[in-house]
file start.txt (compact mmCIF, C-alpha atoms and all ligand atoms)
# COMPACT_ATOMS: atom_id res chain seq x y z
CA MET A 1 8.22 52.68 110.82
CA LYS A 2 11.62 54.12 111.58
CA ASP A 3 11.78 56.90 114.13
CA ILE A 4 13.13 60.01 112.40
CA LYS A 5 16.04 60.21 114.89
CA GLU A 6 17.20 56.74 113.86
CA LEU A 7 17.95 58.00 110.36
CA GLY A 8 20.62 60.35 111.70
CA GLU A 9 21.93 63.34 109.78
CA PRO A 10 21.24 63.28 106.03
CA VAL A 11 24.24 62.46 103.81
CA PHE A 12 25.25 65.29 101.49
CA SER A 13 26.02 64.31 97.90
CA ARG A 14 25.91 66.88 95.08
CA GLY A 15 23.87 65.54 92.19
CA LEU A 16 23.19 62.39 94.27
CA GLU A 17 26.62 61.11 93.18
CA ASN A 18 27.58 57.75 94.64
CA ILE A 19 24.24 57.19 96.39
CA TYR A 20 22.25 53.95 96.30
CA PHE A 21 18.53 54.56 96.82
CA THR A 22 17.26 51.18 95.65
CA GLN A 23 18.48 47.78 94.49
CA THR A 24 18.29 46.33 91.00
CA GLU A 25 19.05 43.13 89.14
CA LEU A 26 18.73 44.80 85.75
CA SER A 27 22.07 46.30 84.82
CA TYR A 28 25.43 46.69 86.47
CA ILE A 29 28.14 49.14 85.46
CA ASP A 30 31.69 48.50 86.60
CA GLY A 31 32.89 52.06 86.07
CA LYS A 32 36.54 51.34 86.86
CA ALA A 33 36.88 48.32 84.60
CA GLY A 34 34.63 49.75 81.85
CA LYS A 35 32.19 46.84 81.95
CA LEU A 36 28.43 46.66 81.56
CA TYR A 37 26.08 43.74 82.24
CA TYR A 38 22.35 43.28 81.65
CA VAL A 39 20.93 40.85 84.23
CA GLY A 40 24.49 39.61 84.75
CA ILE A 41 25.25 38.98 81.07
CA PRO A 42 28.20 40.97 79.62
CA ILE A 43 27.03 43.52 77.07
CA GLU A 44 29.58 42.21 74.52
CA GLU A 45 27.86 38.79 74.57
CA LEU A 46 24.44 40.34 74.04
CA ALA A 47 25.68 42.63 71.26
CA GLU A 48 27.14 39.64 69.47
CA LYS A 49 24.48 36.99 70.02
CA SER A 50 21.17 38.53 71.02
CA SER A 51 18.43 40.68 69.47
CA PHE A 52 16.64 43.77 70.79
CA GLU A 53 13.46 41.71 71.24
CA GLU A 54 15.30 39.19 73.42
CA VAL A 55 17.02 41.95 75.42
CA ALA A 56 13.66 43.65 76.03
CA PHE A 57 12.30 40.35 77.38
CA LEU A 58 15.47 39.88 79.46
CA LEU A 59 14.98 43.27 81.08
CA LEU A 60 11.22 43.03 81.64
CA HIS A 61 11.47 39.49 83.09
CA ARG A 62 15.01 39.63 84.49
CA ARG A 63 15.83 36.33 82.74
CA LEU A 64 16.38 35.07 79.20
CA PRO A 65 13.28 33.68 77.43
CA THR A 66 12.87 30.13 76.19
CA LYS A 67 12.50 29.80 72.42
CA LYS A 68 8.71 29.61 72.77
CA GLU A 69 8.57 32.57 75.14
CA LEU A 70 10.66 34.64 72.74
CA GLU A 71 8.33 33.78 69.84
CA GLU A 72 5.31 34.78 71.93
CA PHE A 73 6.97 38.00 73.08
CA ASP A 74 7.92 38.84 69.51
CA ARG A 75 4.30 38.27 68.42
CA LYS A 76 3.07 40.48 71.25
CA LEU A 77 5.42 43.27 70.23
CA LYS A 78 4.22 43.01 66.62
CA GLU A 79 0.55 43.08 67.71
CA ASN A 80 1.26 46.30 69.60
CA ARG A 81 3.17 48.17 66.88
CA ARG A 82 0.22 50.01 65.40
CA VAL A 83 -0.72 53.51 66.53
CA ARG A 84 -4.27 54.66 65.80
CA VAL A 85 -4.66 56.77 62.67
CA GLU A 86 -6.31 59.59 64.64
CA LYS A 87 -3.18 59.86 66.81
CA ILE A 88 -0.91 59.96 63.76
CA ALA A 89 -3.20 62.66 62.30
CA SER A 90 -2.78 64.61 65.51
CA PHE A 91 1.05 64.30 65.30
CA ALA A 92 0.75 65.97 61.89
CA ASN A 93 -0.30 69.18 63.67
CA TYR A 94 2.93 69.45 65.63
CA PRO A 95 5.21 72.30 64.50
CA ARG A 96 7.81 70.94 62.10
CA ASP A 97 10.60 72.99 63.64
CA ALA A 98 9.98 71.65 67.18
CA HIS A 99 12.69 69.32 68.47
CA PRO A 100 11.72 65.69 67.71
CA MET A 101 12.22 64.82 71.40
CA ALA A 102 9.63 67.49 72.30
CA ALA A 103 7.33 65.97 69.67
CA LEU A 104 7.96 62.45 71.02
CA ARG A 105 7.22 63.66 74.57
CA THR A 106 3.89 65.09 73.41
CA ALA A 107 3.02 62.07 71.25
CA ILE A 108 3.56 59.58 74.10
CA SER A 109 1.57 61.83 76.42
CA GLU A 110 -1.28 61.82 73.87
CA ILE A 111 -1.20 58.02 73.58
CA GLY A 112 -1.46 57.83 77.38
CA LEU A 113 -4.31 60.32 77.43
CA PHE A 114 -6.42 58.01 75.26
CA ASP A 115 -5.55 54.75 77.05
CA PRO A 116 -8.50 53.82 79.31
CA THR A 117 -6.19 51.52 81.32
CA ALA A 118 -3.66 54.32 82.01
CA GLU A 119 -4.49 54.59 85.72
CA ASP A 120 -4.42 50.81 86.31
CA LEU A 121 -1.26 50.20 88.36
CA SER A 122 -1.67 46.42 88.71
CA PRO A 123 1.52 44.49 87.74
CA GLU A 124 -0.34 42.84 84.83
CA SER A 125 -1.54 46.13 83.40
CA LEU A 126 1.85 47.80 83.89
CA TYR A 127 3.46 44.90 82.01
CA GLU A 128 0.95 45.14 79.13
CA LYS A 129 1.53 48.88 78.83
CA SER A 130 5.31 48.35 78.97
CA VAL A 131 5.21 45.98 76.01
CA SER A 132 2.86 48.32 74.17
CA LEU A 133 5.20 51.29 74.72
CA ILE A 134 8.30 49.35 73.60
CA ALA A 135 6.40 48.25 70.47
CA LYS A 136 4.98 51.70 69.66
CA PHE A 137 8.05 53.89 70.15
CA PRO A 138 9.55 53.01 66.72
CA THR A 139 6.20 53.66 65.00
CA VAL A 140 5.84 57.04 66.69
CA VAL A 141 9.44 58.15 66.06
CA ALA A 142 9.30 57.08 62.41
CA ALA A 143 5.93 58.83 61.91
CA LEU A 144 7.37 62.01 63.45
CA ARG A 145 10.31 61.89 61.05
CA ARG A 146 8.13 61.35 57.97
CA LEU A 147 5.66 64.08 58.95
CA ARG A 148 8.50 66.51 59.66
CA GLU A 149 9.75 65.88 56.12
CA GLY A 150 6.27 66.36 54.64
CA LYS A 151 5.88 62.65 53.88
CA LEU A 152 3.14 60.21 54.83
CA PRO A 153 3.95 57.88 57.78
CA ILE A 154 4.50 54.23 56.86
CA GLU A 155 2.50 51.37 58.42
CA PRO A 156 4.53 48.84 60.46
CA ARG A 157 5.21 45.47 58.82
CA ASP A 158 4.79 42.28 60.83
CA ASP A 159 7.22 40.24 58.74
CA LEU A 160 10.16 42.38 59.87
CA SER A 161 12.15 42.32 63.12
CA HIS A 162 11.89 45.23 65.57
CA ALA A 163 15.06 46.84 64.16
CA ALA A 164 14.28 46.13 60.49
CA ASN A 165 10.73 47.42 60.83
CA PHE A 166 11.95 50.60 62.53
CA PHE A 167 14.48 51.16 59.73
CA TYR A 168 11.78 50.49 57.13
CA MET A 169 9.28 52.92 58.68
CA MET A 170 12.00 55.57 59.02
CA ASN A 171 13.48 55.32 55.53
CA GLY A 172 10.73 53.81 53.37
CA TYR A 173 12.82 50.86 52.24
CA GLU A 174 14.06 47.65 53.87
CA PRO A 175 17.53 47.52 55.43
CA SER A 176 20.30 45.24 54.17
CA PRO A 177 21.19 42.45 56.65
CA GLU A 178 24.25 44.52 57.72
CA GLN A 179 22.12 47.63 58.32
CA GLU A 180 19.53 45.62 60.26
CA ARG A 181 22.24 44.11 62.46
CA ALA A 182 23.92 47.48 63.06
CA LEU A 183 20.63 49.03 64.19
CA ASP A 184 19.74 45.97 66.28
CA VAL A 185 23.12 46.19 68.06
CA ALA A 186 22.72 49.95 68.63
CA LEU A 187 19.29 49.31 70.18
CA ILE A 188 20.70 46.52 72.39
CA LEU A 189 23.53 48.79 73.59
CA HIS A 190 21.16 51.62 74.50
CA ALA A 191 18.43 49.51 76.15
CA ASP A 192 19.46 50.01 79.77
CA HIS A 193 22.16 51.65 81.84
CA GLY A 194 21.69 51.50 85.59
CA MET A 195 20.25 54.47 87.42
CA ASN A 196 20.87 57.08 84.70
CA ALA A 197 19.08 60.45 84.86
CA SER A 198 16.09 59.49 82.68
CA THR A 199 15.52 56.15 84.43
CA PHE A 200 15.71 57.91 87.79
CA THR A 201 13.18 60.48 86.56
CA ALA A 202 10.85 57.66 85.50
CA LEU A 203 11.14 56.03 88.92
CA VAL A 204 10.56 59.28 90.82
CA ILE A 205 7.29 59.73 88.92
CA ALA A 206 6.22 56.06 89.08
CA ALA A 207 6.96 55.98 92.83
CA THR A 208 4.30 58.64 93.44
CA ASP A 209 1.76 56.10 92.05
CA SER A 210 1.27 58.25 88.99
CA ASP A 211 0.61 56.46 85.68
CA ILE A 212 3.33 54.83 83.56
CA TYR A 213 2.82 57.30 80.69
CA SER A 214 3.66 60.22 82.98
CA ALA A 215 6.80 58.37 84.06
CA ILE A 216 7.88 57.71 80.47
CA VAL A 217 7.09 61.27 79.36
CA GLY A 218 9.27 62.55 82.23
CA ALA A 219 12.04 60.18 81.18
CA ILE A 220 11.89 61.46 77.59
CA GLY A 221 12.31 65.00 78.94
CA ALA A 222 15.38 63.98 80.94
CA LEU A 223 16.94 62.03 78.06
CA LYS A 224 16.57 65.07 75.79
CA GLY A 225 19.21 67.06 77.69
CA PRO A 226 22.70 67.33 76.16
CA ARG A 227 24.34 66.15 79.37
CA HIS A 228 22.44 62.88 78.89
CA GLY A 229 21.00 61.39 75.66
CA GLY A 230 21.02 64.70 73.79
CA ALA A 231 24.81 64.45 73.57
CA ASN A 232 24.67 62.14 70.53
CA GLU A 233 23.32 64.82 68.19
CA ARG A 234 25.69 67.41 69.71
CA VAL A 235 28.70 65.27 68.77
CA LEU A 236 28.11 65.63 65.04
CA LYS A 237 27.08 69.28 65.42
CA MET A 238 30.29 69.92 67.37
CA ILE A 239 32.49 68.73 64.50
CA ARG A 240 30.58 70.51 61.71
CA ASP A 241 33.25 73.19 61.29
CA ILE A 242 36.24 70.84 61.34
CA GLU A 243 37.18 70.17 57.74
CA SER A 244 39.81 67.46 58.20
CA PRO A 245 41.46 65.32 60.92
CA GLU A 246 44.61 67.46 60.56
CA GLN A 247 42.74 70.42 62.08
CA VAL A 248 41.77 68.45 65.19
CA PRO A 249 44.85 69.02 67.45
CA GLU A 250 44.49 72.83 67.17
CA TRP A 251 40.68 72.63 67.57
CA PHE A 252 41.09 70.42 70.63
CA LYS A 253 43.62 72.78 72.21
CA GLN A 254 41.26 75.70 71.78
CA LYS A 255 38.36 73.73 73.29
CA LEU A 256 40.43 72.94 76.38
CA GLU A 257 41.65 76.53 76.68
CA LYS A 258 38.06 77.78 76.56
CA LYS A 259 37.14 75.06 79.11
CA GLU A 260 34.50 73.71 76.74
CA ARG A 261 33.39 70.11 77.00
CA ILE A 262 33.94 67.54 74.29
CA MET A 263 30.51 66.08 73.64
CA GLY A 264 30.33 62.29 73.76
CA MET A 265 33.17 62.13 76.29
CA GLY A 266 33.04 61.60 80.04
CA HIS A 267 30.58 59.81 82.25
CA ARG A 268 29.38 60.02 85.84
CA VAL A 269 30.04 56.32 86.45
CA TYR A 270 32.60 55.18 83.85
CA LYS A 271 36.10 56.36 84.55
CA ALA A 272 37.31 53.98 81.81
CA TYR A 273 36.37 53.39 78.16
CA ASP A 274 32.60 52.87 77.84
CA PRO A 275 32.23 49.29 76.47
CA ARG A 276 29.27 50.42 74.35
CA ALA A 277 31.43 53.04 72.64
CA ARG A 278 34.01 50.36 71.81
CA ILE A 279 31.38 48.21 70.07
CA LEU A 280 29.81 51.17 68.24
CA LYS A 281 33.25 52.34 67.10
CA ARG A 282 33.79 48.94 65.48
CA TYR A 283 30.44 49.12 63.69
CA ALA A 284 31.06 52.73 62.64
CA ALA A 285 34.47 51.74 61.23
CA GLU A 286 33.04 48.81 59.28
CA MET A 287 30.15 50.84 57.91
CA VAL A 288 32.17 53.80 56.73
CA LYS A 289 34.80 51.47 55.24
CA ALA A 290 32.11 49.83 53.14
CA HIS A 291 30.96 53.22 51.81
CA GLY A 292 34.30 55.02 51.66
CA MET A 293 35.74 56.52 54.87
CA SER A 294 33.56 59.31 56.20
CA ARG A 295 34.98 62.68 57.25
CA GLU A 296 33.02 62.46 60.50
CA TYR A 297 34.47 59.11 61.50
CA GLU A 298 38.05 60.15 60.79
CA ILE A 299 37.60 63.39 62.74
CA LEU A 300 36.13 61.55 65.73
CA VAL A 301 39.07 59.12 65.73
CA ALA A 302 41.43 62.13 65.69
CA ILE A 303 39.53 63.72 68.61
CA GLU A 304 39.75 60.45 70.55
CA LYS A 305 43.53 60.46 69.97
CA GLU A 306 43.84 63.96 71.45
CA ALA A 307 41.53 63.02 74.33
CA GLU A 308 43.82 60.08 75.15
CA LYS A 309 46.59 62.60 75.90
CA TYR A 310 44.63 65.27 77.75
CA LEU A 311 41.40 63.77 79.12
CA ALA A 312 42.09 60.06 79.71
CA PRO A 313 44.40 60.84 82.69
CA LYS A 314 41.29 62.43 84.31
CA GLY A 315 39.23 59.31 83.56
CA ILE A 316 37.42 60.90 80.60
CA TYR A 317 36.91 58.58 77.62
CA PRO A 318 34.38 58.27 74.78
CA ASN A 319 30.89 57.36 75.96
CA VAL A 320 28.07 55.64 74.04
CA ASP A 321 27.17 58.89 72.26
CA PHE A 322 30.58 59.45 70.67
CA TYR A 323 30.34 57.04 67.73
CA SER A 324 26.58 56.31 67.63
CA GLY A 325 25.92 59.32 65.37
CA VAL A 326 28.23 57.99 62.65
CA VAL A 327 26.31 54.68 62.71
CA TYR A 328 22.92 56.45 62.61
CA SER A 329 24.01 58.79 59.81
CA ASP A 330 25.17 55.82 57.80
CA LEU A 331 21.75 54.23 58.35
CA GLY A 332 20.11 57.30 56.79
CA PHE A 333 18.81 58.87 60.02
CA PRO A 334 18.91 62.67 60.42
CA ILE A 335 20.92 64.20 63.27
CA GLU A 336 17.91 65.58 65.16
CA PHE A 337 16.51 62.03 65.38
CA PHE A 338 19.56 60.55 67.13
CA THR A 339 18.11 61.10 70.62
CA PRO A 340 14.63 59.75 69.70
CA ILE A 341 16.41 56.61 68.40
CA PHE A 342 18.11 56.36 71.81
CA ALA A 343 14.61 56.59 73.36
CA VAL A 344 13.33 53.77 71.11
CA ALA A 345 15.89 51.53 72.84
CA ARG A 346 15.84 52.99 76.35
CA VAL A 347 12.07 52.66 76.77
CA ALA A 348 12.83 48.97 77.45
CA GLY A 349 15.06 49.95 80.39
CA TRP A 350 12.68 52.61 81.67
CA THR A 351 9.69 50.26 81.74
CA ALA A 352 11.74 47.36 83.17
CA HIS A 353 12.98 49.55 86.03
CA ILE A 354 9.44 50.75 86.73
CA LEU A 355 8.17 47.14 86.90
CA GLU A 356 11.07 46.08 89.14
CA TYR A 357 10.74 49.08 91.46
CA LYS A 358 6.96 48.73 91.82
CA GLU A 359 7.38 45.02 92.53
CA LYS A 360 10.25 45.12 94.99
CA ASP A 361 10.57 48.57 96.57
CA ASP A 362 7.70 50.89 95.69
CA ARG A 363 8.64 53.62 98.15
CA LEU A 364 8.14 57.33 97.49
CA ILE A 365 11.47 58.82 96.36
CA ARG A 366 12.06 61.98 98.28
CA PRO A 367 15.60 63.24 98.94
CA ARG A 368 16.41 66.38 100.89
CA ALA A 369 18.07 69.65 99.98
CA GLN A 370 20.33 71.14 102.62
CA TYR A 371 18.89 74.49 103.67
CA THR A 372 21.58 77.18 103.63
CA GLY A 373 19.44 80.30 104.22
CA GLU A 374 18.81 82.26 107.41
CA LEU A 375 16.01 81.43 109.85
CA ASP A 376 13.55 83.51 111.88
CA LYS A 377 13.88 86.57 109.66
CA PRO A 378 11.22 89.24 110.31
CA TYR A 379 8.41 89.62 107.79
CA VAL A 380 8.78 93.16 106.39
CA PRO A 381 5.50 94.65 105.08
CA VAL A 382 5.63 95.43 101.37
CA ASP A 383 5.57 99.27 101.81
CA GLU A 384 8.61 99.15 104.08
CA ARG A 385 10.88 97.09 101.77
N1 LIG A 401 35.09 67.27 78.06
C1 LIG A 401 36.04 67.92 78.78
N2 LIG A 401 36.12 67.85 80.13
C2 LIG A 401 35.20 67.10 80.77
C3 LIG A 401 34.20 66.40 80.08
C4 LIG A 401 34.17 66.51 78.68
N3 LIG A 401 33.23 65.87 77.96
N4 LIG A 401 33.43 65.73 80.96
C5 LIG A 401 33.93 66.02 82.18
N5 LIG A 401 34.99 66.85 82.06
C6 LIG A 401 35.83 67.38 83.15
C7 LIG A 401 35.15 68.55 83.84
O1 LIG A 401 35.47 69.77 83.23
C8 LIG A 401 35.70 68.44 85.23
O2 LIG A 401 37.04 68.93 85.23
P1 LIG A 401 37.63 69.75 86.50
O3 LIG A 401 37.58 68.77 87.63
O4 LIG A 401 39.00 70.10 86.07
O5 LIG A 401 36.71 70.91 86.69
C9 LIG A 401 35.81 66.92 85.45
O6 LIG A 401 35.93 66.36 84.15
C10 LIG A 401 34.60 66.32 86.16
O7 LIG A 401 33.43 66.78 85.50
P2 LIG A 401 31.98 66.74 86.16
O8 LIG A 401 31.09 67.68 85.43
O9 LIG A 401 32.08 66.87 87.65
O10 LIG A 401 31.55 65.27 85.87
P3 LIG A 401 30.07 64.73 85.89
O11 LIG A 401 30.14 63.35 86.41
O12 LIG A 401 29.13 65.65 86.57
O13 LIG A 401 29.71 64.79 84.33
C11 LIG A 401 28.92 64.34 82.21
C12 LIG A 401 29.33 63.74 83.56
C13 LIG A 401 27.75 65.32 82.42
C14 LIG A 401 28.47 63.20 81.32
C15 LIG A 401 30.13 65.07 81.59
O14 LIG A 401 31.21 64.18 81.41
C16 LIG A 401 29.78 65.78 80.29
O15 LIG A 401 29.26 66.91 80.31
N6 LIG A 401 30.07 65.13 79.11
C17 LIG A 401 29.71 65.68 77.83
C18 LIG A 401 28.25 65.39 77.51
C19 LIG A 401 28.00 63.92 77.20
O16 LIG A 401 28.70 63.31 76.42
N7 LIG A 401 26.95 63.37 77.83
C20 LIG A 401 26.52 62.00 77.58
C21 LIG A 401 26.82 61.11 78.77
S1 LIG A 401 26.40 59.44 78.42
C22 LIG A 401 24.71 59.43 78.45
O17 LIG A 401 24.07 60.06 79.24
C23 LIG A 401 24.06 58.64 77.48

call {"tool": "encode", "arguments": {"input": "start.txt", "output": "C-alpha cells"}}
result
Amino acid sequence: MKDIKELGEPVFSRGLENIYFTQTELSYIDGKAGKLYYVGIPIEELAEKSSFEEVAFLLLHRRLPTKKELEEFDRKLKENRRVRVEKIASFANYPRDAHPMAALRTAISEIGLFDPTAEDLSPESLYEKSVSLIAKFPTVVAALRRLREGKLPIEPRDDLSHAANFFYMMNGYEPSPEQERALDVALILHADHGMNASTFTALVIAATDSDIYSAIVGAIGALKGPRHGGANERVLKMIRDIESPEQVPEWFKQKLEKKERIMGMGHRVYKAYDPRARILKRYAAEMVKAHGMSREYEILVAIEKEAEKYLAPKGIYPNVDFYSGVVYSDLGFPIEFFTPIFAVARVAGWTAHILEYKEKDDRLIRPRAQYTGELDKPYVPVDER
C-alpha cells in the first residue's frame, strides 16, 4: 500500500482531459494523425476485410480468432440472440414517445434483473454475459423500434449474419448484400474507441464490483448524451431547415456568430479527420449515388467544406457521427434509432473493456474534485439565517 504522502499533490485536469488511469490493449487513437487501431490492427483493414462478429471476438479476446473459433463464436452469438417473450411483452408497456435510448436502458436493466447469474463476477460468467449482451442488443433495439411503430417484433433468424439479422428484425425484410455490408462496416467502426465517456462510465461501475448489467445500463445513459453518441441523430435534425447546399455558407456563418456547435464535428482526442468518418463518408456517397443523391448528403458535404475554412485550423473535423446518419437513413432506420444502433456496436467495446479491466487492473476508480469553498465556517442555527 502506498503511503498517502507518496502520491503527492493531485493533478488537476478539467474533464479528466489527457489523463491515463489504466492501460489497455484494445484500441488506440492517434489523435494527431487521425488513426484508429483495434488490438493494433488499423481500422481501415478491419472495415475492409473483417466482420462485426470477428471484431467482437477480437475485442473480447484481444486477438483474432482461428476459423474454427470464429465459427464457434458465431454459433454462440446466434444461440444468445433470443430475448424471452415475457420481456418483449414488458417492452410493449414502455411509453411510445420515450427516447429509444431511455427504452433501451430500461430494457437492458430488465434483462439483468431476471438473470440469476447477474451477481456472478467470475471471469467465465462475465464472458458469458458479455456474449449474451452483444447478441441480444440487436434483438432488443429492433423490438423497441417495431413496438414504437405499433408493429409486432420479429424473431431473430439464425441463417443470417449479425448485421443482416439486425437489419431484418428492424425492417422486416432481408438486406441486399450492399446494405448488409454497409451495416456491418458501420458496426465495426463503432465497436470500440478507447476510453470514451460511456466506456469510462461502464468501468467506473464495474470497478465497484457491481454487476455487468449495471455497468452497461450506465454506459447506455452516457452514450445517449448529444456530446457523445447522441450527436448522430442531432446531425440530421440540425440540417432539417436547410433546403439546399447553396444555403449552407450563410447558415454556417450564423452558427459561428451565435457560437453554436456543429454537431458531428470535433473530438476530445482527434485533432485531425476521424478515420471512421472518412470510411462512412465513402459508404454514404456510394449509397446515395445508387438511389439518387440525397439532400442530406449534399448539405453535409457543403457543411464540411465550410468547416475546412473555419474549424479545421482549430483541429475540428467531422467525427464518426457526421455521416453515419445518412448511411442509417438509407438503410431505412429512423433518426431516433441512430444512437441505439451505435449502442448495438459499442456494447462489444464496453464488455471487452470490462473484461480487460477486471482481469488486469480491477481497482476502484475514484478521482478527486478540488475543493474551492471556505473552511471552518460557523454553523448558523436556522432561525438566525
Ligand atoms: N462546432 C464548433 N466549434 C466547436 C465544436 C463544434 N462541433 N467542437 C468544439 N468546438 C470549439 C469550441 O467552441 C472551443 O472553441 P474556443 O476554444 O474558441 O472556445 C474549442 O473548439 C474546444 O472545444 P471544447 O468544448 O473544449 O472541446 P472538447 O474536447 O471538450 O469537446 C466535443 C469535444 C464535446 C465532442 C465537442 O467537439 C462537441 O461538442 N462536438 C459536437 C458534438 C459531437 O459531435 N459529439 C460527438 C463526438 S464523437 C462521439 O462521442 C461518438

call {"tool": "residues_near_point", "arguments": {"input": "start.txt", "point": "(13.8, 58.7, 64.8)", "cutoff": "8 Å", "atoms": "only C-alpha atoms", "output": "list in words"}}
result
Pro100, Pro138, Val141, Ala142, Leu144, Arg145, Met170, Phe333, Pro334, Phe337, Phe338, Thr339, Pro340 and Ile341 of chain A

call {"tool": "write_last_selection", "arguments": {"input": "start.txt", "atoms": "C-alpha atoms", "output": "mmCIF file, in the frame of the given file"}}
result
data_model
loop_
_atom_site.group_PDB
_atom_site.id
_atom_site.type_symbol
_atom_site.label_atom_id
_atom_site.label_comp_id
_atom_site.auth_asym_id
_atom_site.auth_seq_id
_atom_site.Cartn_x
_atom_site.Cartn_y
_atom_site.Cartn_z
ATOM 1 C CA PRO A 100 11.720 65.690 67.710
ATOM 2 C CA PRO A 138 9.550 53.010 66.720
ATOM 3 C CA VAL A 141 9.440 58.150 66.060
ATOM 4 C CA ALA A 142 9.300 57.080 62.410
ATOM 5 C CA LEU A 144 7.370 62.010 63.450
ATOM 6 C CA ARG A 145 10.310 61.890 61.050
ATOM 7 C CA MET A 170 12.000 55.570 59.020
ATOM 8 C CA PHE A 333 18.810 58.870 60.020
ATOM 9 C CA PRO A 334 18.910 62.670 60.420
ATOM 10 C CA PHE A 337 16.510 62.030 65.380
ATOM 11 C CA PHE A 338 19.560 60.550 67.130
ATOM 12 C CA THR A 339 18.110 61.100 70.620
ATOM 13 C CA PRO A 340 14.630 59.750 69.700
ATOM 14 C CA ILE A 341 16.410 56.610 68.400
#

call {"tool": "closest_residue", "arguments": {"input": "start.txt", "among": "A:His228, A:Arg157, A:Arg385, A:His162", "to": "ligand LIG 401 (chain A)", "atoms": "only C-alpha atoms and all ligand atoms"}}
result
A:His228

call {"tool": "atom_distance", "arguments": {"input": "start.txt", "atom1": "atom CA of Glu71 of chain A", "atom2": "atom CA of Pro175 of chain A"}}
result
21.9 Å

call {"tool": "residues_near_ligand", "arguments": {"input": "start.txt", "ligand": "ligand LIG 401 (chain A)", "cutoff": "8 Å", "atoms": "only C-alpha atoms and all ligand atoms", "output": "ChimeraX atom specification"}}
result
/A:15,17,196-197,223,226-232,235,256,259-269,311,314-316,318-322

call {"tool": "residues_around", "arguments": {"input": "start.txt", "residues": "Arg363 of chain A", "least_positions_apart": "2", "cutoff": "9 Å", "atoms": "all atoms listed in the file", "output": "list in words"}}
result
Ala207, Thr208, Tyr357, Lys358, Asp361 and Ile365 of chain A

call {"tool": "closest_residue", "arguments": {"input": "start.txt", "among": "A:Ile279, A:Ala206, A:Val380, A:Ala290", "to": "Leu355 of chain A", "atoms": "only C-alpha atoms"}}
result
A:Ala206

call {"tool": "atom_distance", "arguments": {"input": "start.txt", "atom1": "atom CA of Lys136 of chain A", "atom2": "atom CA of Ala107 of chain A"}}
result
10.7 Å

call {"tool": "decode", "arguments": {"input": "start.txt", "residues": "segment 335-347 of chain A", "atoms": "N, CA, C and O atoms", "output": "short mmCIF file (atom, residue, chain, number, x, y, z; two decimals), in the first residue's frame"}}
result
data_model
loop_
_atom_site.label_atom_id
_atom_site.label_comp_id
_atom_site.auth_asym_id
_atom_site.auth_seq_id
_atom_site.Cartn_x
_atom_site.Cartn_y
_atom_site.Cartn_z
N ILE A 335 -34.43 8.29 -37.47
CA ILE A 335 -33.43 9.14 -36.80
C ILE A 335 -33.26 8.81 -35.31
O ILE A 335 -32.15 8.70 -34.81
N GLU A 336 -34.39 8.64 -34.60
CA GLU A 336 -34.27 8.46 -33.15
C GLU A 336 -33.65 7.10 -32.78
O GLU A 336 -33.36 6.86 -31.61
N PHE A 337 -33.42 6.25 -33.79
CA PHE A 337 -32.75 4.97 -33.51
C PHE A 337 -31.26 4.98 -33.84
O PHE A 337 -30.57 3.98 -33.69
N PHE A 338 -30.76 6.14 -34.29
CA PHE A 338 -29.33 6.19 -34.66
C PHE A 338 -28.43 5.86 -33.45
O PHE A 338 -27.46 5.13 -33.56
N THR A 339 -28.76 6.44 -32.28
CA THR A 339 -27.90 6.19 -31.12
C THR A 339 -28.05 4.75 -30.61
O THR A 339 -27.05 4.12 -30.26
N PRO A 340 -29.28 4.18 -30.55
CA PRO A 340 -29.36 2.76 -30.20
C PRO A 340 -28.55 1.86 -31.16
O PRO A 340 -27.97 0.86 -30.73
N ILE A 341 -28.47 2.24 -32.45
CA ILE A 341 -27.66 1.43 -33.38
C ILE A 341 -26.18 1.52 -32.98
O ILE A 341 -25.46 0.53 -33.00
N PHE A 342 -25.77 2.71 -32.59
CA PHE A 342 -24.40 2.92 -32.08
C PHE A 342 -24.18 1.96 -30.89
O PHE A 342 -23.16 1.28 -30.78
N ALA A 343 -25.18 1.88 -30.00
CA ALA A 343 -25.06 1.03 -28.81
C ALA A 343 -24.95 -0.45 -29.19
O ALA A 343 -24.23 -1.22 -28.53
N VAL A 344 -25.65 -0.86 -30.25
CA VAL A 344 -25.59 -2.26 -30.72
C VAL A 344 -24.14 -2.64 -31.03
O VAL A 344 -23.70 -3.76 -30.76
N ALA A 345 -23.39 -1.66 -31.57
CA ALA A 345 -21.98 -1.91 -31.87
C ALA A 345 -21.11 -1.76 -30.63
O ALA A 345 -20.27 -2.60 -30.32
N ARG A 346 -21.32 -0.66 -29.89
CA ARG A 346 -20.41 -0.31 -28.80
C ARG A 346 -20.49 -1.26 -27.61
O ARG A 346 -19.55 -1.33 -26.80
N VAL A 347 -21.57 -2.02 -27.51
CA VAL A 347 -21.65 -2.98 -26.39
C VAL A 347 -20.48 -3.97 -26.45
O VAL A 347 -20.02 -4.46 -25.41
#
